[in-house]
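**Q** Encoded as structure tokens, here's the structure I'll be asking about.
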Amino acid sequence: MVKAVKMDENGENYGKGRKAVEVRDITCAYNGHVALKDVSMDVMRGEFVAVMGPNGSGKTTLLRAIAGIVKPVKGEVRVYGSISYMPQKDYVNVNIPMKVWDVVAMSILAKGKKFRWSVKLSEEEKKAVEEALRAVAMFELRNAPFTDLSGGQQQRVLLARSLATKPDILLLDEPFNGVDLPTQEKIINLLSELSNGGITVITVVHNVSPLIHHVSKIALLNKTLIACGKPEEVLTAENTLRAYGVSIPVTVCEEGYPHPLFGDIHG
Ligand SMILES: Nc1ncnc2c1ncn2[C@@H]1O[C@H](COP(=O)(O)OP(=O)(O)OP(=O)(O)O)[C@@H](O)[C@H]1O
Ligand SMILES: [Mg+2]
């Protein structure tokens, strides 16, 4: 089960250096088919975590379990603070007959337990929409129909939706798919800034290299959690072999960060 614990409950678990997410020995299954087995991990407030693993390794399932969408058949997830979950684009119906601005504004109206039927945003909320669209370089296209956008542009708007709600914990499933390199870099810098400011960022990526200088932790999955920790501890030849079935060469850059030599692994 997922327990949402308020950040300031009893004045505990408040501030950086405290837990944001606790995953305790969870197993998740779809119709008896185990997708994730005996996974435990802690994420501290303000951490920037990359979740990696081959196709079908349970990355999306882990995010869904943290978001409370998938109920583990065993174990428990605790989250401390509000969550925004950006699903993998493959699972999003992109035939949204709305303008870009409204797609993002909707996320604010839908925030919290009750949907607000009033379509008027406050000035502060409008500012949040604008900031989120600017962060993904989509403000100029705010009046375009969402369906007219390219795949990468749609991806950026979906990310803006999550940013606009200003959550404590951001869960992003493959946010850079189809996103051009300059925009990707801009978004990575923003996520890094957010995590430095105490927002917890947990993102699924296939190619970790562009993020490697910013992430505090990598969780490497293949149904079980192969490894979880600092990039240099996780990205070893042994661990990548166990996760992907092939040993992936890793080069260490001048600053000492490991860069796996693969682009987009589909194994
Ligand atoms: N809704 C579902 N119903 C049945 N099986 C599912 C469902 N979602 C996922 N699975 C299965 O659970 C396993 C893990 O899937 P998951 O989507 O978590 O993997 P992933 O690591 O995110 O993969 P990808 O890199 O392709 O996005 C796979 O074997 C998948 O077929
Ligand atoms: Mg997935």
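Starting from 1 in every chain, residues are counted up; chains themselves are A, B, ... following the order of the structure tokens, and ligands are numbered from 1 as listed.
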Could you give me, as a PyMOL selection string, each residue of stretch 22-242 of chain A that DSSP assigns to strand (DSSP E or B) when run on this structure's backbone?

**A** chain A and resi 22-30+33-44+48-52+74-80+83-86+99+145+169-173+200-204+217-222+224-229

**Q** Taking only C-alpha atoms and all ligand atoms into account, report as number ranges by chain which residues have an atom no farther than 6 Å from an atom of ligand 1.

**A** A: 30, 35, 54-61

**Q** Show which residues sit within 12 Å of A:Thr203, as a PDB file with N, CA and C atoms, in the first residue's frame. Count only C-alpha atoms, and ignore same-chain residues fewer than 6 positions away.

**A**
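Saved result, part.pdb, follows:
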ATOM      1  N   GLU A  47      16.913  14.926  -3.836  1.00  0.00           N
ATOM      2  CA  GLU A  47      17.768  14.063  -4.671  1.00  0.00           C
ATOM      3  C   GLU A  47      17.295  14.115  -6.118  1.00  0.00           C
ATOM      4  N   PHE A  48      18.227  13.852  -7.014  1.00  0.00           N
ATOM      5  CA  PHE A  48      17.941  13.759  -8.452  1.00  0.00           C
ATOM      6  C   PHE A  48      18.329  12.333  -8.832  1.00  0.00           C
ATOM      7  N   VAL A  49      17.318  11.515  -9.075  1.00  0.00           N
ATOM      8  CA  VAL A  49      17.549  10.079  -9.264  1.00  0.00           C
ATOM      9  C   VAL A  49      17.205   9.667 -10.690  1.00  0.00           C
ATOM     10  N   ALA A  50      18.099   8.913 -11.315  1.00  0.00           N
ATOM     11  CA  ALA A  50      17.809   8.343 -12.633  1.00  0.00           C
ATOM     12  C   ALA A  50      17.468   6.867 -12.455  1.00  0.00           C
ATOM     13  N   VAL A  51      16.370   6.448 -13.068  1.00  0.00           N
ATOM     14  CA  VAL A  51      15.979   5.037 -13.034  1.00  0.00           C
ATOM     15  C   VAL A  51      16.293   4.454 -14.403  1.00  0.00           C
ATOM     16  N   MET A  52      17.099   3.403 -14.410  1.00  0.00           N
ATOM     17  CA  MET A  52      17.543   2.818 -15.675  1.00  0.00           C
ATOM     18  C   MET A  52      17.251   1.318 -15.715  1.00  0.00           C
ATOM     19  N   LYS A  59      10.668  -0.218 -14.858  1.00  0.00           N
ATOM     20  CA  LYS A  59      10.913   1.201 -14.533  1.00  0.00           C
ATOM     21  C   LYS A  59       9.586   1.953 -14.356  1.00  0.00           C
ATOM     22  N   THR A  60       8.710   1.803 -15.345  1.00  0.00           N
ATOM     23  CA  THR A  60       7.412   2.480 -15.279  1.00  0.00           C
ATOM     24  C   THR A  60       6.611   1.962 -14.090  1.00  0.00           C
ATOM     25  N   LEU A  62       7.757   0.873 -11.281  1.00  0.00           N
ATOM     26  CA  LEU A  62       8.293   1.477 -10.052  1.00  0.00           C
ATOM     27  C   LEU A  62       7.722   2.888  -9.862  1.00  0.00           C
ATOM     28  N   LEU A  63       7.726   3.681 -10.933  1.00  0.00           N
ATOM     29  CA  LEU A  63       7.172   5.043 -10.834  1.00  0.00           C
ATOM     30  C   LEU A  63       5.681   5.009 -10.482  1.00  0.00           C
ATOM     31  N   ARG A  64       4.965   4.071 -11.126  1.00  0.00           N
ATOM     32  CA  ARG A  64       3.524   3.961 -10.844  1.00  0.00           C
ATOM     33  C   ARG A  64       3.270   3.545  -9.401  1.00  0.00           C
ATOM     34  N   ILE A  66       5.238   4.270  -6.881  1.00  0.00           N
ATOM     35  CA  ILE A  66       5.524   5.442  -6.037  1.00  0.00           C
ATOM     36  C   ILE A  66       4.367   6.448  -6.126  1.00  0.00           C
ATOM     37  N   SER A  84       3.933  14.825  -8.510  1.00  0.00           N
ATOM     38  CA  SER A  84       3.409  14.988  -9.859  1.00  0.00           C
ATOM     39  C   SER A  84       4.055  13.897 -10.716  1.00  0.00           C
ATOM     40  N   TYR A  85       3.239  13.180 -11.443  1.00  0.00           N
ATOM     41  CA  TYR A  85       3.725  12.039 -12.233  1.00  0.00           C
ATOM     42  C   TYR A  85       3.516  12.317 -13.710  1.00  0.00           C
ATOM     43  N   MET A  86       4.598  12.347 -14.467  1.00  0.00           N
ATOM     44  CA  MET A  86       4.487  12.495 -15.914  1.00  0.00           C
ATOM     45  C   MET A  86       4.640  11.119 -16.551  1.00  0.00           C
ATOM     46  N   PRO A  87       3.551  10.548 -17.069  1.00  0.00           N
ATOM     47  CA  PRO A  87       3.624   9.198 -17.623  1.00  0.00           C
ATOM     48  C   PRO A  87       4.477   9.132 -18.883  1.00  0.00           C
ATOM     49  N   GLN A  88       4.921   7.938 -19.202  1.00  0.00           N
ATOM     50  CA  GLN A  88       5.634   7.692 -20.460  1.00  0.00           C
ATOM     51  C   GLN A  88       4.692   8.059 -21.607  1.00  0.00           C
ATOM     52  N   LEU A 159       5.702  17.675 -19.928  1.00  0.00           N
ATOM     53  CA  LEU A 159       6.615  17.964 -18.822  1.00  0.00           C
ATOM     54  C   LEU A 159       6.203  19.276 -18.132  1.00  0.00           C
ATOM     55  N   ILE A 169       7.639  16.263  -5.143  1.00  0.00           N
ATOM     56  CA  ILE A 169       8.317  15.125  -5.767  1.00  0.00           C
ATOM     57  C   ILE A 169       7.863  15.034  -7.228  1.00  0.00           C
ATOM     58  N   LEU A 170       8.830  15.056  -8.123  1.00  0.00           N
ATOM     59  CA  LEU A 170       8.527  14.974  -9.566  1.00  0.00           C
ATOM     60  C   LEU A 170       8.904  13.586 -10.061  1.00  0.00           C
ATOM     61  N   LEU A 171       7.943  12.874 -10.617  1.00  0.00           N
ATOM     62  CA  LEU A 171       8.216  11.552 -11.188  1.00  0.00           C
ATOM     63  C   LEU A 171       8.085  11.671 -12.701  1.00  0.00           C
ATOM     64  N   LEU A 172       9.160  11.438 -13.424  1.00  0.00           N
ATOM     65  CA  LEU A 172       9.148  11.646 -14.871  1.00  0.00           C
ATOM     66  C   LEU A 172       9.531  10.359 -15.584  1.00  0.00           C
ATOM     67  N   ASP A 173       8.675   9.918 -16.497  1.00  0.00           N
ATOM     68  CA  ASP A 173       8.959   8.675 -17.219  1.00  0.00           C
ATOM     69  C   ASP A 173       9.409   8.999 -18.643  1.00  0.00           C
ATOM     70  N   GLU A 174      10.682   8.875 -18.865  1.00  0.00           N
ATOM     71  CA  GLU A 174      11.312   9.144 -20.165  1.00  0.00           C
ATOM     72  C   GLU A 174      10.954  10.539 -20.708  1.00  0.00           C
ATOM     73  N   PRO A 175      11.288  11.580 -19.942  1.00  0.00           N
ATOM     74  CA  PRO A 175      10.884  12.937 -20.350  1.00  0.00           C
ATOM     75  C   PRO A 175      11.605  13.477 -21.574  1.00  0.00           C
ATOM     76  N   PHE A 176      12.713  12.838 -21.967  1.00  0.00           N
ATOM     77  CA  PHE A 176      13.511  13.417 -23.062  1.00  0.00           C
ATOM     78  C   PHE A 176      13.282  12.732 -24.400  1.00  0.00           C
ATOM     79  N   ILE A 188      17.352  19.651 -18.284  1.00  0.00           N
ATOM     80  CA  ILE A 188      18.211  18.993 -17.279  1.00  0.00           C
ATOM     81  C   ILE A 188      18.720  20.027 -16.282  1.00  0.00           C
ATOM     82  N   LEU A 191      15.894  20.844 -13.958  1.00  0.00           N
ATOM     83  CA  LEU A 191      15.637  19.778 -12.977  1.00  0.00           C
ATOM     84  C   LEU A 191      16.708  19.793 -11.895  1.00  0.00           C
ATOM     85  N   SER A 192      17.945  20.070 -12.326  1.00  0.00           N
ATOM     86  CA  SER A 192      19.049  20.134 -11.375  1.00  0.00           C
ATOM     87  C   SER A 192      18.837  21.289 -10.392  1.00  0.00           C
ATOM     88  N   SER A 195      16.118  20.363  -7.956  1.00  0.00           N
ATOM     89  CA  SER A 195      16.565  19.434  -6.907  1.00  0.00           C
ATOM     90  C   SER A 195      17.458  20.163  -5.905  1.00  0.00           C
ATOM     91  N   LEU A 211      22.702  13.455 -18.150  1.00  0.00           N
ATOM     92  CA  LEU A 211      22.315  13.831 -16.780  1.00  0.00           C
ATOM     93  C   LEU A 211      23.386  13.505 -15.758  1.00  0.00           C
ATOM     94  N   VAL A 215      22.929  13.889 -11.515  1.00  0.00           N
ATOM     95  CA  VAL A 215      22.171  12.942 -10.679  1.00  0.00           C
ATOM     96  C   VAL A 215      22.958  12.547  -9.437  1.00  0.00           C
ATOM     97  N   SER A 216      22.214  12.394  -8.342  1.00  0.00           N
ATOM     98  CA  SER A 216      22.866  11.978  -7.094  1.00  0.00           C
ATOM     99  C   SER A 216      22.848  10.466  -6.970  1.00  0.00           C
ATOM    100  N   LYS A 217      21.936   9.838  -7.701  1.00  0.00           N
ATOM    101  CA  LYS A 217      21.739   8.400  -7.517  1.00  0.00           C
ATOM    102  C   LYS A 217      21.199   7.785  -8.804  1.00  0.00           C
ATOM    103  N   ILE A 218      21.608   6.514  -9.035  1.00  0.00           N
ATOM    104  CA  ILE A 218      21.023   5.762 -10.146  1.00  0.00           C
ATOM    105  C   ILE A 218      20.412   4.483  -9.575  1.00  0.00           C
ATOM    106  N   ALA A 219      19.189   4.182 -10.011  1.00  0.00           N
ATOM    107  CA  ALA A 219      18.566   2.908  -9.659  1.00  0.00           C
ATOM    108  C   ALA A 219      18.553   2.078 -10.928  1.00  0.00           C
ATOM    109  N   LEU A 220      19.243   0.952 -10.904  1.00  0.00           N
ATOM    110  CA  LEU A 220      19.350   0.092 -12.093  1.00  0.00           C
ATOM    111  C   LEU A 220      18.475  -1.140 -11.872  1.00  0.00           C
TER     112      LEU A 220
END

**Q** Using DSSP on the backbone coordinates, identify all residues within stretch 71-107 of chain A classified as helix (DSSP H, G or I); present the result as JSON, numbers by chain.

**A** {"A": [89, 90, 91, 100, 101, 102, 103, 104, 105, 106, 107]}

**Q** Generate a file of the selected residues that holds C-alpha atoms, formatted as a CSV table (one decimal), in the first residue's frame.

**A**
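Writing the result to again.csv gives the following:
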chain,number,residue,atom,x,y,z
A,89,LYS,CA,4.3,9.3,-23.6
A,90,ASP,CA,3.5,5.9,-25.2
A,91,TYR,CA,0.7,5.7,-22.6
A,100,VAL,CA,-1.0,24.2,-25.4
A,101,TRP,CA,-1.8,26.7,-22.6
A,102,ASP,CA,-5.0,24.9,-21.6
A,103,VAL,CA,-3.2,21.5,-21.5
A,104,VAL,CA,-0.9,22.9,-18.9
A,105,ALA,CA,-3.6,24.9,-17.1
A,106,MET,CA,-5.6,21.7,-16.7
A,107,SER,CA,-3.0,20.2,-14.5

**Q** I want to know what sits within 9 Å of A:Tyr257, based on only C-alpha atoms, with residues of the same chain fewer than 5 positions away left out; could you give that as a list in words?

**A**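 Final neighbour list, sorted by chain and number: Ile212, His213, Pro231, Glu232, Thr251 and Val252 of chain A.
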